[in-house]
Amino acid sequence: MVLQERPLGRTGLVVKRVGFGGIPIQRIPEDEAVRAVRKAYEMGINFFDTARAYTTSEARIGEALEGVRDEVFIATKSTHRDKAGFLEDLETSLGNLRTDYIDLYQLHFVSKEEVWERIRGPGGALEGLLEAKDEGKINHLGITSHDPELMMKVLREGIFETVMIPYNYLTQKPADGLLPLCAELGVGTIVMKPFGGGALTNVRSALRYVLGNGDVDVAIPGMMSASEIEENVAVGSGSFNLSQEDLRLIEEDRNHLGDQFCRACDYCQPCPQGIPISFVLRTEDQFLRLTGWTPRLLRRIPESEAKVASCQRCGQCEEKCPYELPIMDLLPEKMGVLLKLLASREE
């Protein structure tokens with residue numbers, strides 16, 4: 001199998017169409033994580049994405065790729081909005097990744113106009129990004145967001161060479177304007193959440209859908225096992241045409257999930273009351289649907305009941321949710337359904 005490849009916008013980097021999303025490797029033992037990253041490299045993946053916010057992810061990728069650093073492209077991110085915080089993050093990233101330069105450093109989760117204004121203002125993170133590029137610590141500048149309309153405005157300023165955006169067959173808005181604009185401007189397009197945070201039924205159908213869009217350069221599904229890597233590489237090495245079965249599965253997901261489903265980005269966290277928001281919102285439609293009853297679900301559903309009941313409706317979660325979900329209303333609704341399902345199982 002040979003992964004398809006293409007230029008990443010105007011960066012000059014030629015990337016495989018399937019990259020490595022570095023979120024899931026936080027959740028497994030260190031030795032397994034390092035093996036997964038190395039496996040991805042051995043199977044031809046050459047674009048590895050991580051972030052300062054992903055706890056151990058940078059360090060694990062750095063260890064796995066230390067001996068092949070010049071053969072791969074590493075992307076990471078900072079959520080700091082000020083110059084000092086950004087530069088501190090950059091130095092940490094360089095150390096974790098065991099390198100003296102980052103191929104692509106991205107300003108992370110810029111989804112509100114006021115955040116962008118702070119970043120680009122005096123003493124903002126943009127000053128640090130440009131300074132680091134001048135010093136050779138960063139080769140290319142990127143930005144990530146959940147707001148396609150804001151990105152269309154930002155990218156027209158000509159500062160950024162890449163944009164990362166969620167896109168899949170249930171989150172189609174980027175295809176309406178942002179992705180075509182990127183092709184016009186020569187901005188590289190990196191797709192996160194190609195599987196809807198694990199909600200979509202068939203990863204092959206989902207990945208074909210994303211990569212079949214000619215305005216997408218690279219998709220970065222999260223991976224943490226050899227089987228996941230092999231499956232994604234197989235899709236990235238073949239045809240992106242959708243079969244009748246693919247279309248059936250896509251339509252089934254659209255009918256079942258709609259647009260008010262949790263993508264497990266966890267930007268809503270931490271909850272002041274300790275409510276496991278994504279667990280409660282995802283269990284009925286996603287965990288039970290995909291895995292059935294597990295010991296973990298049987299344990300966590302009763303544990304979550306008291307947490308949900310403690311909700312103060314402070315609204316912090318909804319303010320932070322990039323998908324504008326009505327979380328405060330969904331939590332008791334979903335919790336009630338889960339308790340009924342659990343009770344019926346025990347009868």
# chains A, B, ... in the order shown; residues from 1 in each chain; ligands from 1

call {"tool": "residues_around", "arguments": {"residues": "region 92-102 of chain A", "least_positions_apart": "6", "cutoff": "7 Å", "atoms": "only C-alpha atoms", "output": "PyMOL selection string"}}
result
chain A and resi 52+58-59+61-62+66+74-75+136-139

call {"tool": "select_by_dssp", "arguments": {"residues": "region 46-101 of chain A", "states": "strand (DSSP E or B)", "output": "list in words"}}
result
Phe47, Phe48, Asp49, Phe73, Ile74, Ala75, Thr76, Lys77, Ser78 and Asp82 of chain A

call {"tool": "residues_around", "arguments": {"residues": "region 80-82 of chain A", "least_positions_apart": "5", "cutoff": "9 Å", "atoms": "only C-alpha atoms", "output": "compact mmCIF listing (two decimals) with C-alpha atoms, in the first residue's frame"}}
result
# COMPACT_ATOMS: atom_id res chain seq x y z
CA LEU A 87 6.81 31.55 23.48
CA ASP A 89 4.68 26.90 25.04
CA LEU A 107 -2.58 29.02 16.98
CA HIS A 108 -5.12 26.66 18.52
CA VAL A 115 -9.98 35.88 20.60
CA TRP A 116 -8.50 36.69 17.20
CA ARG A 118 -6.49 39.62 21.26
CA ILE A 119 -4.04 37.34 19.44
CA ARG A 120 -3.22 39.91 16.78
CA GLY A 121 -3.12 42.89 19.14
CA PRO A 122 -0.06 44.37 20.90
CA GLY A 123 1.70 41.70 22.92
CA GLY A 124 -0.47 39.00 21.39
CA ALA A 125 0.50 35.47 20.41
CA LEU A 126 0.87 36.46 16.75
CA GLU A 127 3.91 38.56 17.67
CA GLY A 128 5.51 35.48 19.21

call {"tool": "closest_residue", "arguments": {"among": "A:Met192, A:Ala36, A:Ile143, A:Met1", "to": "Leu207 (chain A)", "atoms": "only C-alpha atoms"}}
result
A:Met192

call {"tool": "select_by_dssp", "arguments": {"residues": "region 102-151 of chain A", "states": "helix (DSSP H, G or I)", "output": "PyMOL selection string"}}
result
chain A and resi 113-120+125-134+148-151

call {"tool": "closest_residue", "arguments": {"among": "A:Ile220, A:Leu129, A:Leu341, A:Val163", "to": "Phe109 (chain A)", "atoms": "only C-alpha atoms"}}
result
A:Val163

call {"tool": "closest_residue", "arguments": {"among": "A:Lys133, A:Tyr41, A:Leu185, A:Met328", "to": "Gly67 (chain A)", "atoms": "only C-alpha atoms"}}
result
A:Tyr41

call {"tool": "residues_around", "arguments": {"residues": "region 280-289 of chain A", "least_positions_apart": "6", "cutoff": "9 Å", "atoms": "only C-alpha atoms", "output": "MDAnalysis selection string"}}
result
chainID A and resid 198:201 256:257 261:264 297 301 304 308 327 330:331 334:335 337:338 341

call {"tool": "write_last_selection", "arguments": {"atoms": "C-alpha atoms", "output": "PDB file, in the first residue's frame"}}
result
ATOM      1  CA  GLY A 198     -15.743   8.612  17.069  1.00  0.00           C
ATOM      2  CA  ALA A 199     -19.483   9.017  16.521  1.00  0.00           C
ATOM      3  CA  LEU A 200     -19.617   7.954  12.880  1.00  0.00           C
ATOM      4  CA  THR A 201     -20.451   4.328  12.151  1.00  0.00           C
ATOM      5  CA  HIS A 256     -29.692   8.895  13.591  1.00  0.00           C
ATOM      6  CA  LEU A 257     -27.300  11.566  14.877  1.00  0.00           C
ATOM      7  CA  PHE A 261     -24.326  15.225  18.856  1.00  0.00           C
ATOM      8  CA  CYS A 262     -21.235  15.483  21.024  1.00  0.00           C
ATOM      9  CA  ARG A 263     -17.931  15.264  19.135  1.00  0.00           C
ATOM     10  CA  ALA A 264     -15.892  14.619  22.298  1.00  0.00           C
ATOM     11  CA  LEU A 297     -20.638   1.885  31.242  1.00  0.00           C
ATOM     12  CA  ILE A 301     -23.775   5.676  34.479  1.00  0.00           C
ATOM     13  CA  SER A 304     -22.730  10.238  36.735  1.00  0.00           C
ATOM     14  CA  VAL A 308     -25.596  15.710  36.594  1.00  0.00           C
ATOM     15  CA  ILE A 327     -25.605  21.229  26.991  1.00  0.00           C
ATOM     16  CA  LEU A 330     -29.207  17.897  27.079  1.00  0.00           C
ATOM     17  CA  LEU A 331     -27.540  16.661  30.279  1.00  0.00           C
ATOM     18  CA  LYS A 334     -29.614  12.183  28.254  1.00  0.00           C
ATOM     19  CA  MET A 335     -29.113  11.128  31.876  1.00  0.00           C
ATOM     20  CA  VAL A 337     -32.615   8.062  29.057  1.00  0.00           C
ATOM     21  CA  LEU A 338     -29.487   6.278  30.307  1.00  0.00           C
ATOM     22  CA  LEU A 341     -31.960   1.914  29.672  1.00  0.00           C
TER      23      LEU A 341
END

call {"tool": "residues_around", "arguments": {"residues": "Lys307 (chain A)", "least_positions_apart": "4", "cutoff": "10 Å", "atoms": "only C-alpha atoms", "output": "list in words"}}
result
Gln273, Gly274, Ile275, Pro276, Ile277, Pro302, Glu303 and Cys311 of chain A

call {"tool": "write_last_selection", "arguments": {"atoms": "C-alpha atoms", "output": "compact mmCIF listing (two decimals), in the first residue's frame"}}
result
# COMPACT_ATOMS: atom_id res chain seq x y z
CA GLN A 273 -19.26 20.47 39.35
CA GLY A 274 -17.15 17.69 37.85
CA ILE A 275 -19.86 16.53 35.45
CA PRO A 276 -18.44 14.13 32.80
CA ILE A 277 -20.24 16.00 30.03
CA PRO A 302 -24.86 5.48 38.16
CA GLU A 303 -21.77 7.47 39.17
CA CYS A 311 -25.49 21.11 37.74

call {"tool": "atom_distance", "arguments": {"atom1": "CA of Gln260 (chain A)", "atom2": "CA of Gly292 (chain A)"}}
result
21.4 Å

call {"tool": "atom_distance", "arguments": {"atom1": "CA of Pro322 (chain A)", "atom2": "CA of Arg254 (chain A)"}}
result
19.6 Å

call {"tool": "closest_residue", "arguments": {"among": "A:Glu5, A:Cys271, A:Gly186, A:Ser205", "to": "Arg248 (chain A)", "atoms": "only C-alpha atoms"}}
result
A:Ser205

call {"tool": "atom_distance", "arguments": {"atom1": "CA of Ser57 (chain A)", "atom2": "CA of Gln26 (chain A)"}}
result
5.5 Å
